[in-house]
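**Student:** Structure file model.cif, mmCIF, C-alpha atoms, pLDDT in the B column; chains and numbers go by the auth columns, is pasted below:
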```
data_query
loop_
_atom_site.group_PDB
_atom_site.id
_atom_site.type_symbol
_atom_site.label_atom_id
_atom_site.label_comp_id
_atom_site.label_asym_id
_atom_site.label_seq_id
_atom_site.Cartn_x
_atom_site.Cartn_y
_atom_site.Cartn_z
_atom_site.B_iso_or_equiv
_atom_site.auth_seq_id
_atom_site.auth_asym_id
ATOM 1 C CA MET A 1 18.871 -14.913 1.895 49.00 82 A
ATOM 2 C CA SER A 2 19.986 -13.479 -1.429 60.00 83 A
ATOM 3 C CA GLU A 3 20.678 -9.792 -1.695 85.00 84 A
ATOM 4 C CA LEU A 4 17.661 -7.673 -2.542 86.00 85 A
ATOM 5 C CA PRO A 5 17.864 -5.688 -5.792 94.00 86 A
ATOM 6 C CA LYS A 6 18.011 -1.934 -5.263 94.00 87 A
ATOM 7 C CA THR A 7 14.364 -1.300 -4.396 94.00 88 A
ATOM 8 C CA VAL A 8 12.126 1.645 -3.563 92.00 89 A
ATOM 9 C CA PHE A 9 8.612 1.393 -2.137 92.00 90 A
ATOM 10 C CA VAL A 10 6.407 4.317 -3.172 92.00 91 A
ATOM 11 C CA GLY A 11 3.498 4.549 -0.715 89.00 92 A
ATOM 12 C CA ALA A 12 0.160 6.273 -1.246 88.00 93 A
ATOM 13 C CA GLY A 13 0.607 9.521 0.650 82.00 94 A
ATOM 14 C CA VAL A 14 0.669 9.924 4.408 79.00 95 A
ATOM 15 C CA SER A 15 -1.535 6.984 5.286 80.00 96 A
ATOM 16 C CA GLY A 16 -1.602 3.994 7.578 80.00 97 A
ATOM 17 C CA VAL A 17 -1.564 1.622 4.635 84.00 98 A
ATOM 18 C CA ALA A 18 1.557 3.331 3.243 85.00 99 A
ATOM 19 C CA TYR A 19 3.178 2.909 6.657 84.00 100 A
ATOM 20 C CA TYR A 20 2.544 -0.783 7.164 84.00 101 A
ATOM 21 C CA ARG A 21 2.627 -1.917 3.516 88.00 102 A
ATOM 22 C CA CYS A 22 5.524 0.226 2.213 88.00 103 A
ATOM 23 C CA PHE A 23 7.483 2.023 4.933 87.00 104 A
ATOM 24 C CA LEU A 24 7.865 -0.954 7.308 86.00 105 A
ATOM 25 C CA PRO A 25 8.868 -3.407 4.543 88.00 106 A
ATOM 26 C CA ALA A 26 11.352 -0.857 3.201 88.00 107 A
ATOM 27 C CA VAL A 27 12.940 -0.491 6.632 85.00 108 A
ATOM 28 C CA ALA A 28 12.979 -4.248 7.251 84.00 109 A
ATOM 29 C CA LEU A 29 14.489 -5.019 3.836 87.00 110 A
ATOM 30 C CA GLY A 30 16.952 -2.142 3.709 86.00 111 A
ATOM 31 C CA ALA A 31 15.126 -0.580 0.760 88.00 112 A
ATOM 32 C CA ASN A 32 14.187 3.055 0.224 88.00 113 A
ATOM 33 C CA PHE A 33 10.765 4.606 0.755 87.00 114 A
ATOM 34 C CA ALA A 34 8.890 7.530 -0.728 86.00 115 A
ATOM 35 C CA MET A 35 5.313 8.820 -0.716 85.00 116 A
ATOM 36 C CA TRP A 36 3.312 9.996 -3.706 84.00 117 A
ATOM 37 C CA GLY A 37 0.462 12.398 -4.266 76.00 118 A
ATOM 38 C CA HIS A 38 -1.280 14.060 -7.204 65.00 119 A
ATOM 39 C CA MET A 39 -0.660 17.617 -8.266 57.00 120 A
ATOM 40 C CA PRO A 40 -2.990 19.148 -10.896 50.00 121 A
ATOM 41 C CA ASP A 41 -0.739 18.197 -13.810 55.00 122 A
ATOM 42 C CA ARG A 42 1.830 15.787 -12.425 56.00 123 A
ATOM 43 C CA LEU A 43 2.836 13.380 -9.686 63.00 124 A
ATOM 44 C CA ALA A 44 4.538 14.674 -6.573 68.00 125 A
ATOM 45 C CA PHE A 45 6.929 12.731 -4.356 71.00 126 A
ATOM 46 C CA ALA A 46 8.169 13.245 -0.812 70.00 127 A
ATOM 47 C CA GLY A 47 10.348 11.348 1.613 70.00 128 A
ATOM 48 C CA GLY A 48 13.190 8.994 0.999 67.00 129 A
ATOM 49 C CA PHE A 49 15.940 7.709 3.232 69.00 130 A
ATOM 50 C CA GLY A 50 19.072 9.778 2.813 64.00 131 A
ATOM 51 C CA ARG A 51 17.753 12.321 0.331 60.00 132 A
ATOM 52 C CA GLU A 52 15.006 14.888 0.525 65.00 133 A
ATOM 53 C CA PRO A 53 12.771 14.896 -1.367 72.00 134 A
ATOM 54 C CA LEU A 54 12.797 11.915 -3.676 79.00 135 A
ATOM 55 C CA ARG A 55 12.266 13.129 -7.234 81.00 136 A
ATOM 56 C CA ARG A 56 10.584 11.393 -10.174 85.00 137 A
ATOM 57 C CA SER A 57 13.962 11.055 -11.882 88.00 138 A
ATOM 58 C CA ASP A 58 15.377 9.283 -8.799 88.00 139 A
ATOM 59 C CA LEU A 59 13.105 6.292 -9.478 91.00 140 A
ATOM 60 C CA PHE A 60 15.341 5.452 -12.458 95.00 141 A
ATOM 61 C CA ASP A 61 18.208 4.733 -10.031 93.00 142 A
ATOM 62 C CA TYR A 62 16.474 1.546 -8.799 95.00 143 A
ATOM 63 C CA ASP A 63 16.192 -2.024 -10.056 97.00 144 A
ATOM 64 C CA VAL A 64 12.681 -2.468 -8.616 97.00 145 A
ATOM 65 C CA VAL A 65 10.006 0.187 -8.041 96.00 146 A
ATOM 66 C CA ILE A 66 6.941 -0.808 -6.009 96.00 147 A
ATOM 67 C CA LEU A 67 3.958 1.512 -6.503 95.00 148 A
ATOM 68 C CA GLN A 68 1.035 1.551 -4.103 94.00 149 A
ATOM 69 C CA TYR A 69 -2.500 2.372 -5.331 92.00 150 A
ATOM 70 C CA ALA A 70 -1.137 4.158 -8.414 92.00 151 A
ATOM 71 C CA ASP A 71 -3.748 5.312 -10.904 91.00 152 A
ATOM 72 C CA GLY A 72 -4.027 7.302 -14.098 87.00 153 A
ATOM 73 C CA LYS A 73 -2.139 8.356 -17.172 88.00 154 A
ATOM 74 C CA HIS A 74 0.798 9.945 -15.312 89.00 155 A
ATOM 75 C CA TRP A 75 1.506 6.640 -13.582 92.00 156 A
ATOM 76 C CA PHE A 76 0.940 4.629 -16.760 95.00 157 A
ATOM 77 C CA GLN A 77 3.470 6.771 -18.605 94.00 158 A
ATOM 78 C CA LEU A 78 5.982 6.524 -15.751 94.00 159 A
ATOM 79 C CA VAL A 79 5.585 2.737 -15.549 97.00 160 A
ATOM 80 C CA ARG A 80 6.338 2.423 -19.266 97.00 161 A
ATOM 81 C CA GLU A 81 9.376 4.713 -18.997 97.00 162 A
ATOM 82 C CA LEU A 82 10.749 2.747 -16.048 97.00 163 A
ATOM 83 C CA GLN A 83 10.227 -0.554 -17.847 98.00 164 A
ATOM 84 C CA ASP A 84 11.905 0.813 -20.992 98.00 165 A
ATOM 85 C CA ALA A 85 14.894 1.590 -18.758 98.00 166 A
ATOM 86 C CA GLY A 86 15.000 -2.062 -17.613 98.00 167 A
ATOM 87 C CA ILE A 87 13.392 -1.476 -14.216 98.00 168 A
ATOM 88 C CA THR A 88 10.885 -3.929 -12.763 98.00 169 A
ATOM 89 C CA VAL A 89 7.702 -2.182 -11.656 98.00 170 A
ATOM 90 C CA LEU A 90 5.286 -3.846 -9.226 98.00 171 A
ATOM 91 C CA TYR A 91 1.845 -2.717 -8.073 97.00 172 A
ATOM 92 C CA GLU A 92 1.116 -2.925 -4.328 97.00 173 A
ATOM 93 C CA ILE A 93 -2.456 -3.181 -3.046 96.00 174 A
ATOM 94 C CA ASP A 94 -3.931 -4.029 0.349 91.00 175 A
ATOM 95 C CA ASP A 95 -7.668 -4.083 -0.375 88.00 176 A
ATOM 96 C CA TYR A 96 -10.018 -5.489 -2.948 91.00 177 A
ATOM 97 C CA VAL A 97 -11.082 -1.949 -3.824 90.00 178 A
ATOM 98 C CA HIS A 98 -13.444 -3.106 -6.564 88.00 179 A
ATOM 99 C CA ASN A 99 -15.789 -4.298 -3.828 86.00 180 A
ATOM 100 C CA LEU A 100 -15.631 -1.245 -1.545 78.00 181 A
ATOM 101 C CA HIS A 101 -18.694 0.395 -3.103 73.00 182 A
ATOM 102 C CA LYS A 102 -20.736 -2.373 -1.460 74.00 183 A
ATOM 103 C CA ALA A 103 -19.394 -1.492 2.004 72.00 184 A
ATOM 104 C CA LYS A 104 -21.382 1.717 2.501 68.00 185 A
ATOM 105 C CA GLY A 105 -19.995 2.216 6.009 67.00 186 A
ATOM 106 C CA HIS A 106 -16.373 1.947 4.874 66.00 187 A
ATOM 107 C CA GLU A 107 -14.806 5.408 5.006 69.00 188 A
ATOM 108 C CA ALA A 108 -12.892 4.833 1.769 70.00 189 A
ATOM 109 C CA SER A 109 -15.790 3.480 -0.302 70.00 190 A
ATOM 110 C CA ARG A 110 -16.382 6.803 -2.077 74.00 191 A
ATOM 111 C CA ALA A 111 -12.667 7.230 -2.777 77.00 192 A
ATOM 112 C CA PHE A 112 -12.811 4.322 -5.225 84.00 193 A
ATOM 113 C CA ALA A 113 -15.425 5.469 -7.726 84.00 194 A
ATOM 114 C CA PRO A 114 -15.684 3.570 -11.040 87.00 195 A
ATOM 115 C CA GLU A 115 -13.524 6.118 -12.889 90.00 196 A
ATOM 116 C CA ARG A 116 -10.690 5.776 -10.382 90.00 197 A
ATOM 117 C CA LEU A 117 -10.961 1.988 -10.527 93.00 198 A
ATOM 118 C CA ARG A 118 -10.514 2.142 -14.305 95.00 199 A
ATOM 119 C CA ARG A 119 -7.421 4.317 -13.843 94.00 200 A
ATOM 120 C CA MET A 120 -6.016 1.829 -11.314 95.00 201 A
ATOM 121 C CA GLU A 121 -6.692 -1.077 -13.673 97.00 202 A
ATOM 122 C CA LEU A 122 -4.738 0.722 -16.405 96.00 203 A
ATOM 123 C CA VAL A 123 -1.657 0.848 -14.194 97.00 204 A
ATOM 124 C CA MET A 124 -2.146 -2.681 -12.796 97.00 205 A
ATOM 125 C CA ARG A 125 -2.181 -4.075 -16.335 97.00 206 A
ATOM 126 C CA ALA A 126 0.982 -2.143 -17.264 98.00 207 A
ATOM 127 C CA THR A 127 3.133 -3.260 -14.324 98.00 208 A
ATOM 128 C CA ASP A 128 5.266 -6.391 -14.165 98.00 209 A
ATOM 129 C CA GLY A 129 3.107 -7.851 -11.410 98.00 210 A
ATOM 130 C CA ILE A 130 0.900 -7.195 -8.401 98.00 211 A
ATOM 131 C CA ILE A 131 1.723 -7.675 -4.722 96.00 212 A
ATOM 132 C CA ALA A 132 -1.451 -8.179 -2.673 96.00 213 A
ATOM 133 C CA SER A 133 -1.978 -8.529 1.066 93.00 214 A
ATOM 134 C CA THR A 134 -4.070 -11.714 0.842 93.00 215 A
ATOM 135 C CA ALA A 135 -4.435 -14.710 -1.464 96.00 216 A
ATOM 136 C CA TYR A 136 -8.035 -13.635 -2.142 95.00 217 A
ATOM 137 C CA ILE A 137 -6.981 -10.184 -3.351 96.00 218 A
ATOM 138 C CA ALA A 138 -4.177 -11.689 -5.441 97.00 219 A
ATOM 139 C CA ARG A 139 -6.677 -14.043 -7.113 96.00 220 A
ATOM 140 C CA ARG A 140 -9.152 -11.236 -7.800 96.00 221 A
ATOM 141 C CA TYR A 141 -6.527 -9.012 -9.425 97.00 222 A
ATOM 142 C CA ARG A 142 -5.054 -11.790 -11.540 97.00 223 A
ATOM 143 C CA SER A 143 -7.605 -10.811 -14.196 96.00 224 A
ATOM 144 C CA PHE A 144 -5.749 -7.495 -14.588 97.00 225 A
ATOM 145 C CA ASN A 145 -2.263 -8.942 -14.349 97.00 226 A
ATOM 146 C CA PRO A 146 -1.517 -12.685 -14.401 96.00 227 A
ATOM 147 C CA ARG A 147 1.583 -12.214 -12.224 97.00 228 A
ATOM 148 C CA THR A 148 0.298 -11.745 -8.674 97.00 229 A
ATOM 149 C CA TRP A 149 1.784 -12.612 -5.322 96.00 230 A
ATOM 150 C CA GLU A 150 0.436 -12.742 -1.801 95.00 231 A
ATOM 151 C CA CYS A 151 2.536 -10.824 0.713 92.00 232 A
ATOM 152 C CA GLY A 152 0.669 -10.765 4.021 88.00 233 A
ATOM 153 C CA ASN A 153 0.672 -7.881 6.445 82.00 234 A
ATOM 154 C CA GLY A 154 3.318 -8.170 9.124 75.00 235 A
ATOM 155 C CA ILE A 155 3.877 -6.899 12.624 68.00 236 A
ATOM 156 C CA ASP A 156 6.489 -4.313 13.514 68.00 237 A
ATOM 157 C CA LEU A 157 8.355 -6.852 15.677 68.00 238 A
ATOM 158 C CA PRO A 158 11.257 -4.597 16.773 71.00 239 A
ATOM 159 C CA ARG A 159 8.724 -2.240 18.355 68.00 240 A
ATOM 160 C CA TYR A 160 7.361 -5.095 20.484 69.00 241 A
ATOM 161 C CA ALA A 161 10.826 -6.387 21.383 73.00 242 A
ATOM 162 C CA ARG A 162 11.698 -3.303 23.407 73.00 243 A
ATOM 163 C CA PRO A 163 11.966 -3.768 27.160 79.00 244 A
ATOM 164 C CA ARG A 164 8.763 -2.848 28.934 75.00 245 A
ATOM 165 C CA PRO A 165 8.551 -1.618 32.515 77.00 246 A
ATOM 166 C CA PRO A 166 7.029 -4.061 34.982 82.00 247 A
ATOM 167 C CA ARG A 167 3.329 -3.487 35.540 80.00 248 A
ATOM 168 C CA SER A 168 0.251 -5.236 36.775 83.00 249 A
ATOM 169 C CA GLY A 169 -3.066 -5.439 35.016 79.00 250 A
ATOM 170 C CA VAL A 170 -4.188 -6.139 31.515 74.00 251 A
ATOM 171 C CA THR A 171 -3.703 -3.965 28.462 72.00 252 A
ATOM 172 C CA ILE A 172 -6.332 -4.210 25.757 70.00 253 A
ATOM 173 C CA GLY A 173 -5.478 -2.722 22.396 68.00 254 A
ATOM 174 C CA PHE A 174 -6.613 -2.678 18.807 65.00 255 A
ATOM 175 C CA ALA A 175 -4.634 -2.314 15.620 63.00 256 A
ATOM 176 C CA GLY A 176 -6.323 -1.945 12.287 62.00 257 A
ATOM 177 C CA GLY A 177 -7.391 0.357 9.532 63.00 258 A
ATOM 178 C CA ILE A 178 -10.546 2.243 8.727 62.00 259 A
ATOM 179 C CA GLY A 179 -12.134 -0.869 7.286 60.00 260 A
ATOM 180 C CA HIS A 180 -11.852 -2.556 10.666 67.00 261 A
ATOM 181 C CA LYS A 181 -13.827 -0.019 12.692 68.00 262 A
ATOM 182 C CA ALA A 182 -17.097 -1.892 12.145 70.00 263 A
ATOM 183 C CA SER A 183 -15.521 -5.052 13.575 72.00 264 A
ATOM 184 C CA LEU A 184 -14.305 -3.146 16.616 75.00 265 A
ATOM 185 C CA ALA A 185 -17.714 -1.558 17.182 79.00 266 A
ATOM 186 C CA ARG A 186 -19.384 -4.980 17.454 83.00 267 A
ATOM 187 C CA TRP A 187 -17.409 -5.941 20.543 82.00 268 A
ATOM 188 C CA GLU A 188 -17.066 -2.481 22.083 85.00 269 A
ATOM 189 C CA ALA A 189 -20.120 -2.903 24.378 89.00 270 A
ATOM 190 C CA ALA A 190 -18.790 -6.192 25.753 89.00 271 A
ATOM 191 C CA LEU A 191 -15.356 -4.640 26.291 85.00 272 A
ATOM 192 C CA ARG A 192 -16.911 -1.716 28.209 88.00 273 A
ATOM 193 C CA ALA A 193 -18.807 -4.184 30.414 92.00 274 A
ATOM 194 C CA VAL A 194 -15.563 -6.034 31.214 86.00 275 A
ATOM 195 C CA LEU A 195 -13.806 -2.767 32.053 84.00 276 A
ATOM 196 C CA ARG A 196 -16.667 -1.659 34.317 91.00 277 A
ATOM 197 C CA ALA A 197 -16.602 -4.976 36.143 92.00 278 A
#
```
Output the file's structure as structure tokens, nothing else.
**Tutor:**
Amino acid sequence: MSELPKTVFVGAGVSGVAYYRCFLPAVALGANFAMWGHMPDRLAFAGGFGREPLRRSDLFDYDVVILQYADGKHWFQLVRELQDAGITVLYEIDDYVHNLHKAKGHEASRAFAPERLRRMELVMRATDGIIASTAYIARRYRSFNPRTWECGNGIDLPRYARPRPPRSGVTIGFAGGIGHKASLARWEAALRAVLRA
């Protein structure tokens, strides 16, 4: 494998999607990681491996900056400044958020109002490409940026490789995000019946 350019993943706040789409890949690839949030008049950053906190100016020390769910004029301006400095900027997205308004039960549906979607599109169009979690999402966002790639969600394999104590019985678990709760609810009654039996 060729050496990875100096890369930082900038995840969307303290969220599950930032953990599995930005933090875990950063750890696995030996890249850096930060989190972003909005302040009233600027972007705010936190985190980073080896320095606390990561500052806006620190992003200019990288060859590749991967931004998750970035939206708005502050991000657009930063993307342009990074690109002018010769840095590749990629947009990371795990959901087809333009369809969430149809999923009334999805907890994040109201977080992606039309105005926010327009702000996200602005940044998507400005970046050097989009990394999406599925081929479907990559195809859908190709209209905003012709350079899209599918990078599927992975499993934190080192966590599962740890030795486990011997035990008897069956462990049933679920891993997913807020958009998966409806799927879990459909089989919850059957699972309860199995456990009772």
**Student:** Ranking A:Phe126, A:Trp268, A:Tyr177, A:Tyr150 by minimum distance to A:Ala93 and counting only C-alpha atoms, which one comes first?
**Tutor:** A:Tyr150
**Student:** One decimal, Å: what's the distance from atom CA of A:Cys103 over to atom CA of A:Ala127, could you say?
**Tutor:**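 Between atom CA of A:Cys103 and atom CA of A:Ala127 the gap is 13.6 Å.
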**Student:** Please identify all polymer residues within 9 Å of stretch 143-149 of chain A, counting all atoms listed in the file, omitting same-chain residues fewer than 4 positions from it, and present them as a list in words.
**Tutor:**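 Here the qualifying residues turn out to be Pro86, Lys87, Thr88, Val89, Phe90, Val91, Gly92, Ala93, Ala99, Arg102, Cys103, Trp117, Asp139, Leu163, Gly167, Ile168, Thr169, Val170, Leu171, Tyr172, Glu173, Ile174, Asp175 and Ile212 of chain A.
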**Student:** Give the answer as one residue: which of A:Asp176, A:Asp152, A:Arg200, A:Ile253 has the shortest atom-to-atom distance to A:Glu269, using all atoms listed in the file?
**Tutor:** A:Ile253
**Student:** Residues of stretch 95-166 of chain A that have any atom at most 12 Å from an atom of stretch 222-239 of chain A: could you tabulate them with the shortest-distance atom pair and the distance in Å to one decimal, using only C-alpha atoms, ordered by chain and increasing number, as a tab-separated table?
**Tutor:**
```
residue	atom	partner	partner_atom	distance
A:Val98	CA	A:Asn234	CA	9.9
A:Ala99	CA	A:Asn234	CA	11.7
A:Tyr100	CA	A:Asp237	CA	10.5
A:Tyr101	CA	A:Asn234	CA	7.4
A:Arg102	CA	A:Asn234	CA	6.9
A:Cys103	CA	A:Asn234	CA	10.4
A:Phe104	CA	A:Asp237	CA	10.7
A:Leu105	CA	A:Asp237	CA	7.2
A:Pro106	CA	A:Gly235	CA	8.6
A:Ala107	CA	A:Asp237	CA	11.9
A:Val108	CA	A:Asp237	CA	10.2
A:Ala109	CA	A:Asp237	CA	9.0
```
**Student:** Would you mind reading off the distance between atom CA of A:Glu202 and atom CA of A:Gly97, one decimal, in Å?
**Tutor:**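 Interatomic distance here is 22.4 Å.
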**Student:** With 4 Å on each side, where is the centre of the axis-aligned box around all listed atoms of stretch 148-154 of chain A, and how long are its edges in Å to one decimal, as JSON?
**Tutor:**
```
{"center_x": 0.0, "center_y": 4.9, "center_z": -10.6, "size_x": 16.0, "size_y": 14.8, "size_z": 21.1}
```
**Student:** Between atom CA of A:Gly250 and atom CA of A:Ala266, what distance in Å does the model show, to one decimal?
**Tutor:** 23.4 Å
**Student:** Please, which residues are within 7 Å of (2.5, 2.2, -14.8) by the file's coordinates, counting all atoms listed in the file, and could they come as a PyMOL selection string?
**Tutor:** chain A and resi 156-161+204+207-208
